[in-house]
$ cat model.pdb   # PDB, C-alpha atoms, pLDDT in the B column
ATOM      1  CA  MET A   1      40.512  75.905 208.646  1.00 64.00           C
ATOM      2  CA  PRO A   2      39.471  74.499 205.281  1.00 72.00           C
ATOM      3  CA  SER A   3      40.547  71.014 204.232  1.00 91.00           C
ATOM      4  CA  PHE A   4      41.634  72.100 200.754  1.00 94.00           C
ATOM      5  CA  ILE A   5      43.081  75.231 199.161  1.00 93.00           C
ATOM      6  CA  ARG A   6      43.274  76.328 195.567  1.00 92.00           C
ATOM      7  CA  ALA A   7      46.933  76.614 194.585  1.00 90.00           C
ATOM      8  CA  GLY A   8      47.154  77.838 191.023  1.00 84.00           C
ATOM      9  CA  ALA A   9      45.387  75.307 188.817  1.00 89.00           C
ATOM     10  CA  ARG A  10      45.410  72.629 191.547  1.00 91.00           C
ATOM     11  CA  ILE A  11      43.311  71.895 194.583  1.00 94.00           C
ATOM     12  CA  VAL A  12      45.672  70.850 197.376  1.00 94.00           C
ATOM     13  CA  ASN A  13      44.856  69.155 200.666  1.00 94.00           C
ATOM     14  CA  VAL A  14      45.982  71.423 203.504  1.00 94.00           C
ATOM     15  CA  ASP A  15      47.629  68.431 205.180  1.00 94.00           C
ATOM     16  CA  ALA A  16      49.857  68.005 202.096  1.00 95.00           C
ATOM     17  CA  VAL A  17      51.237  71.565 202.277  1.00 95.00           C
ATOM     18  CA  THR A  18      54.818  71.568 203.542  1.00 96.00           C
ATOM     19  CA  SER A  19      55.562  75.294 203.282  1.00 95.00           C
ATOM     20  CA  VAL A  20      54.311  78.593 201.918  1.00 95.00           C
ATOM     21  CA  ASP A  21      56.734  81.309 200.821  1.00 95.00           C
ATOM     22  CA  CYS A  22      55.068  84.684 201.467  1.00 91.00           C
ATOM     23  CA  ALA A  23      58.154  86.823 200.766  1.00 91.00           C
ATOM     24  CA  ARG A  24      56.420  88.427 197.770  1.00 92.00           C
ATOM     25  CA  ILE A  25      52.922  88.735 199.242  1.00 88.00           C
ATOM     26  CA  GLU A  26      52.964  92.486 198.553  1.00 86.00           C
ATOM     27  CA  GLU A  27      53.167  91.573 194.853  1.00 90.00           C
ATOM     28  CA  LEU A  28      50.269  89.135 195.387  1.00 91.00           C
ATOM     29  CA  LEU A  29      52.510  86.144 194.758  1.00 94.00           C
ATOM     30  CA  VAL A  30      53.070  83.153 197.035  1.00 95.00           C
ATOM     31  CA  ILE A  31      54.801  79.817 196.468  1.00 96.00           C
ATOM     32  CA  VAL A  32      53.045  76.765 197.899  1.00 96.00           C
ATOM     33  CA  ARG A  33      55.161  73.654 198.370  1.00 97.00           C
ATOM     34  CA  HIS A  34      53.335  70.400 198.912  1.00 96.00           C
ATOM     35  CA  ARG A  35      53.934  66.651 198.709  1.00 95.00           C
ATOM     36  CA  ASP A  36      53.375  66.542 194.963  1.00 93.00           C
ATOM     37  CA  GLY A  37      55.369  69.612 193.936  1.00 95.00           C
ATOM     38  CA  THR A  38      55.348  73.379 193.959  1.00 96.00           C
ATOM     39  CA  GLU A  39      52.685  75.831 192.845  1.00 95.00           C
ATOM     40  CA  THR A  40      52.982  79.558 192.216  1.00 96.00           C
ATOM     41  CA  VAL A  41      49.812  81.357 193.230  1.00 96.00           C
ATOM     42  CA  THR A  42      49.126  84.920 192.105  1.00 96.00           C
ATOM     43  CA  GLY A  43      46.507  87.624 192.448  1.00 94.00           C
ATOM     44  CA  PRO A  44      43.466  87.196 194.686  1.00 93.00           C
ATOM     45  CA  ASP A  45      44.145  83.456 194.931  1.00 94.00           C
ATOM     46  CA  ALA A  46      47.405  84.257 196.745  1.00 93.00           C
ATOM     47  CA  ILE A  47      45.482  86.190 199.375  1.00 92.00           C
ATOM     48  CA  ASP A  48      42.965  83.342 199.696  1.00 93.00           C
ATOM     49  CA  VAL A  49      45.776  80.825 200.314  1.00 94.00           C
ATOM     50  CA  VAL A  50      47.393  82.953 203.003  1.00 93.00           C
ATOM     51  CA  MET A  51      44.046  83.759 204.643  1.00 92.00           C
ATOM     52  CA  ALA A  52      43.262  80.048 204.823  1.00 92.00           C
ATOM     53  CA  LEU A  53      46.633  78.979 206.219  1.00 91.00           C
ATOM     54  CA  ARG A  54      48.089  81.904 208.180  1.00 89.00           C
ATOM     55  CA  PRO A  55      46.191  85.204 208.108  1.00 88.00           C
ATOM     56  CA  SER A  56      48.836  87.037 210.170  1.00 86.00           C
ATOM     57  CA  ALA A  57      51.226  86.764 207.193  1.00 83.00           C
ATOM     58  CA  LEU A  58      49.114  89.422 205.470  1.00 83.00           C
ATOM     59  CA  THR A  59      50.210  92.122 207.933  1.00 80.00           C
ATOM     60  CA  PRO A  60      52.792  93.683 205.558  1.00 71.00           C
ATOM     61  CA  LEU A  61      50.185  93.915 202.831  1.00 69.00           C
ATOM     62  CA  MET A  62      47.651  95.480 205.176  1.00 72.00           C
ATOM     63  CA  LYS A  63      50.175  98.094 206.334  1.00 69.00           C
ATOM     64  CA  ARG A  64      50.884  99.056 202.739  1.00 66.00           C
ATOM     65  CA  VAL A  65      47.201  99.428 201.873  1.00 64.00           C
ATOM     66  CA  ALA A  66      46.311 101.386 205.015  1.00 59.00           C
TER      67      ALA A  66
END

$ encode --input "model.pdb" --output "structure tokens"
Amino acid sequence: MPSFIRAGARIVNVDAVTSVDCARIEELLVIVRHRDGTETVTGPDAIDVVMALRPSALTPLMKRVA
């Protein structure tokens, strides 16, 4: 697992992430909550965040594409 992820315009330490809302992953949008605030991540960066933290959360997206 990487030590840092790109969350929107910020680089966030993985240890600082408190939660990731993947409810809208099919729209390529995730919300990353961390010690210093909240970031909305869209597009390919949203997939990168989920792949780095919890790849199994991409299952709904993979089913839709397949």

$ residues_around --input "model.pdb" --residues "segment 23-33 of chain A" --least-positions-apart "6" --cutoff "8 Å" --atoms "only C-alpha atoms" --output "VMD selection string"
chain A and resid 7 17 39 to 44 46 to 47 58 60 to 61

$ resolve_selection --input "model.pdb" --expression "the PyMOL selection byres ((chain A and resi 19) around 12)" --output "PyMOL selection string"
chain A and resi 14-18+20-22+30-35+37-39+49-50+53-54

$ atom_distance --input "model.pdb" --atom1 "atom CA of Thr59 of chain A" --atom2 "atom CA of Ile11 of chain A"
25.2 Å

$ resolve_selection --input "model.pdb" --expression "the PyMOL selection byres ((chain A and resi 2) around 10)" --output "ChimeraX atom specification"
/A:1,3-5,13-14,52-53
